[in-house]
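Let me begin by presenting the structure, written as structure tokens, before commenting on it.
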Amino acid sequence: MSRRMTALLWRGTGKMQIEETDVPTIGPKEILARPLYSTICGSDRHAYYHGLFAFNPPFSLGHEFCAEIVELGSEVDEDVQGNKLRRGDLIVTEPSVFCGKCYYCRRSEYIQCQSYLWLGSDRTAGGCFSDYMKVDSRVTYKMLDGMTKMQGALVEPGAVGVHAVRRSNVVLGRSVLIMGGGPIGLFALMAAKAAGAEKILLSEVSKFRSERAARLGAQIVIDPAREDIVRKVMDDTKGLGVDIVIDAAGDTKAVKQGIAAAKKHGVYVRIAISAGESSVNFTDIMVKELTVIGSQGYSFWPYLDMSTDFYQTMLMLKDGRFKADDIVTQEYDFENWKEAFEMSGDTEKAIKVAIKARNF
Ligand SMILES: [Zn+2]
Ligand SMILES: [Zn+2]
């Protein structure tokens, strides 16, 4: 007989409710986990409100979580770094669901798997807004001693910022413009600061998020609704532009501004997703000899000589280079998920909104 659990099930655009469903059954390399503390991602909002990034309902959304081990698959005794795993251990898991056999998986580039899915996007890969979920031990990390559950839930979004900063090669002395002061933009800001960026500018429309960005280390905050981003950047960099632009704005206009704000030989990195196309004059890229980089999620590769993005993010959350308390702005009980989703869209009040599990 299958065991039953309570879960917040997504059944299509605008349709989500708390229901009874089966506890997932795990394979030999999987772990049955009890999510304890989760945060809402922009992609969860897109799924709920617009039916995007979600397939084959019903299932639970959510992929940013700290969870407790309930049961280990028959072939699981350690995490990805060789730490012994036991029932009751707190874990975080990269939400990548991957085949393990394709060209990219063989290079540990799971996020580029040719049949990639992520937890909380499909019936076969339920997310963390539920009593139980199954996770893949091959991308599971035992949480570091002393890390809080809130820090655990922020490893996933934090790793996106770490990945972008590593891809763009921010080093001591560089100037950086971060476009967008949402959770990912703020993580990129903290990561750029930790990496040694000398000057950090950030553009953001929301007053609340702008103030938060200033507190977290942005020396200059630009309001793109009132100021010309490019002119402001040029004024503050002796007319040269910045070495690195990290675009976390998701605005189709931002690309053009980012390209214009970059210094000659500069780098433009895109983390944001936007539905529309952006127009860019590639001659500007050619003339300035810019490097244009895409940054998606996080990676093991090409950092085999370094910590993975997830592990690096755990270290930074634990030692305070990533300030979890400044990112999570509200917490809701599981039953109040609807208010939580609504709050997560209020950019004048919220950065990241958390949902505590029923058995928190
Ligand atoms: Zn996310
Ligand atoms: Zn694959």
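Letters A, B, ... mark the chains of the structure tokens in the order given; residue numbers begin at 1 per chain; ligand numbers begin at 1, in order shown.
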Residues near region 82-88 of chain A, cut-off 6 Å, only C-alpha atoms, skip fewer than 2 positions along chain, as an NGL selection string: :A and (68-70 or 77-80)
How would the residues just chosen look if you wrote them out with N, CA and C atoms as an mmCIF file, in the first residue's frame?
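Full text of selection-v7.cif as output:
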```
data_model
loop_
_atom_site.group_PDB
_atom_site.id
_atom_site.type_symbol
_atom_site.label_atom_id
_atom_site.label_comp_id
_atom_site.auth_asym_id
_atom_site.auth_seq_id
_atom_site.Cartn_x
_atom_site.Cartn_y
_atom_site.Cartn_z
ATOM 1 N N GLU A 68 15.356 17.208 5.219
ATOM 2 C CA GLU A 68 15.885 16.229 6.161
ATOM 3 C C GLU A 68 15.756 14.851 5.512
ATOM 4 N N ILE A 69 16.791 14.023 5.665
ATOM 5 C CA ILE A 69 16.741 12.682 5.062
ATOM 6 C C ILE A 69 15.769 11.795 5.838
ATOM 7 N N VAL A 70 14.861 11.143 5.104
ATOM 8 C CA VAL A 70 13.904 10.224 5.712
ATOM 9 C C VAL A 70 14.317 8.779 5.404
ATOM 10 N N ASP A 77 25.030 5.775 0.307
ATOM 11 C CA ASP A 77 25.520 5.909 1.676
ATOM 12 C C ASP A 77 26.316 7.191 1.876
ATOM 13 N N GLU A 78 26.586 7.908 0.785
ATOM 14 C CA GLU A 78 27.296 9.171 0.969
ATOM 15 C C GLU A 78 26.793 10.237 0.003
ATOM 16 N N ASP A 79 27.167 11.495 0.316
ATOM 17 C CA ASP A 79 26.751 12.587 -0.561
ATOM 18 C C ASP A 79 27.787 12.766 -1.674
ATOM 19 N N VAL A 80 27.611 13.805 -2.476
ATOM 20 C CA VAL A 80 28.454 14.019 -3.643
ATOM 21 C C VAL A 80 29.922 14.262 -3.263
#
```
Nearby residues, ligand 2, 7 Å, only C-alpha atoms and all ligand atoms, as an MDAnalysis selection string: chainID A and resid 98:105 110 113:116
How about saving the chosen residues, C-alpha atoms kept, as a PDB file, in the first residue's frame?
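See part.pdb below for the written result:
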```pdb
ATOM      1  CA  PHE A  98      19.402  14.456 -15.580  1.00  0.00           C
ATOM      2  CA  CYS A  99      19.992  11.287 -17.582  1.00  0.00           C
ATOM      3  CA  GLY A 100      23.585  10.665 -16.450  1.00  0.00           C
ATOM      4  CA  LYS A 101      24.497   9.235 -19.866  1.00  0.00           C
ATOM      5  CA  CYS A 102      24.513  12.032 -22.438  1.00  0.00           C
ATOM      6  CA  TYR A 103      27.586  13.989 -23.573  1.00  0.00           C
ATOM      7  CA  TYR A 104      27.020  16.756 -21.000  1.00  0.00           C
ATOM      8  CA  CYS A 105      26.190  14.457 -18.087  1.00  0.00           C
ATOM      9  CA  TYR A 110      24.108  18.213 -15.502  1.00  0.00           C
ATOM     10  CA  CYS A 113      21.702  17.450 -19.915  1.00  0.00           C
ATOM     11  CA  GLN A 114      20.014  16.717 -23.215  1.00  0.00           C
ATOM     12  CA  SER A 115      16.911  15.569 -21.361  1.00  0.00           C
ATOM     13  CA  TYR A 116      17.127  18.100 -18.544  1.00  0.00           C
TER      14      TYR A 116
END
```
Length of the CA of Phe322 (chain A) to CA of Ala164 (chain A) vector [Å]: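 Rounded to one decimal, the two atoms are 14.8 Å apart.
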Close residues to ligand 1 using only C-alpha atoms and all ligand atoms, limit 7 Å, as an mmCIF file with N, CA, C and O atoms, in the first residue's frame:
```
data_model
loop_
_atom_site.group_PDB
_atom_site.id
_atom_site.type_symbol
_atom_site.label_atom_id
_atom_site.label_comp_id
_atom_site.auth_asym_id
_atom_site.auth_seq_id
_atom_site.Cartn_x
_atom_site.Cartn_y
_atom_site.Cartn_z
ATOM 1 N N CYS A 41 10.764 30.785 -5.962
ATOM 2 C CA CYS A 41 11.586 31.274 -7.072
ATOM 3 C C CYS A 41 10.687 31.984 -8.082
ATOM 4 O O CYS A 41 9.487 31.695 -8.162
ATOM 5 N N GLY A 42 11.279 32.851 -8.874
ATOM 6 C CA GLY A 42 10.536 33.488 -9.957
ATOM 7 C C GLY A 42 9.899 32.454 -10.876
ATOM 8 O O GLY A 42 8.784 32.643 -11.367
ATOM 9 N N SER A 43 10.581 31.315 -11.068
ATOM 10 C CA SER A 43 10.024 30.302 -11.973
ATOM 11 C C SER A 43 8.783 29.648 -11.363
ATOM 12 O O SER A 43 7.867 29.252 -12.092
ATOM 13 N N HIS A 63 11.943 24.412 -5.827
ATOM 14 C CA HIS A 63 13.249 23.753 -5.954
ATOM 15 C C HIS A 63 14.323 24.404 -5.082
ATOM 16 O O HIS A 63 15.490 24.095 -5.211
ATOM 17 N N GLU A 64 13.913 25.323 -4.215
ATOM 18 C CA GLU A 64 14.882 25.962 -3.308
ATOM 19 C C GLU A 64 14.534 25.494 -1.906
ATOM 20 O O GLU A 64 13.545 25.940 -1.338
ATOM 21 N N GLU A 156 20.515 27.203 -3.513
ATOM 22 C CA GLU A 156 20.206 27.131 -4.956
ATOM 23 C C GLU A 156 20.236 28.511 -5.623
ATOM 24 O O GLU A 156 21.002 28.727 -6.553
ATOM 25 N N PRO A 157 19.436 29.486 -5.143
ATOM 26 C CA PRO A 157 19.524 30.800 -5.812
ATOM 27 C C PRO A 157 20.895 31.452 -5.637
ATOM 28 O O PRO A 157 21.381 32.129 -6.552
#
```
Test item: residues at most 7 Å from region 262-279 of chain A, only C-alpha atoms, excluding those fewer than 5 positions along its chain, as number ranges by chain: A: 164, 168, 240-253, 255-256, 288-296
Val76 (chain A) surroundings by only C-alpha atoms, 9 Å radius, close-in-sequence under 4 positions cut, as number ranges by chain: A: 28-31, 72, 85, 137-138
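Closest approach to Ser307 (chain A) among A:Arg231, A:Arg166, A:Arg106, A:Lys149 is made by A:Arg166 (distances from only C-alpha atoms).
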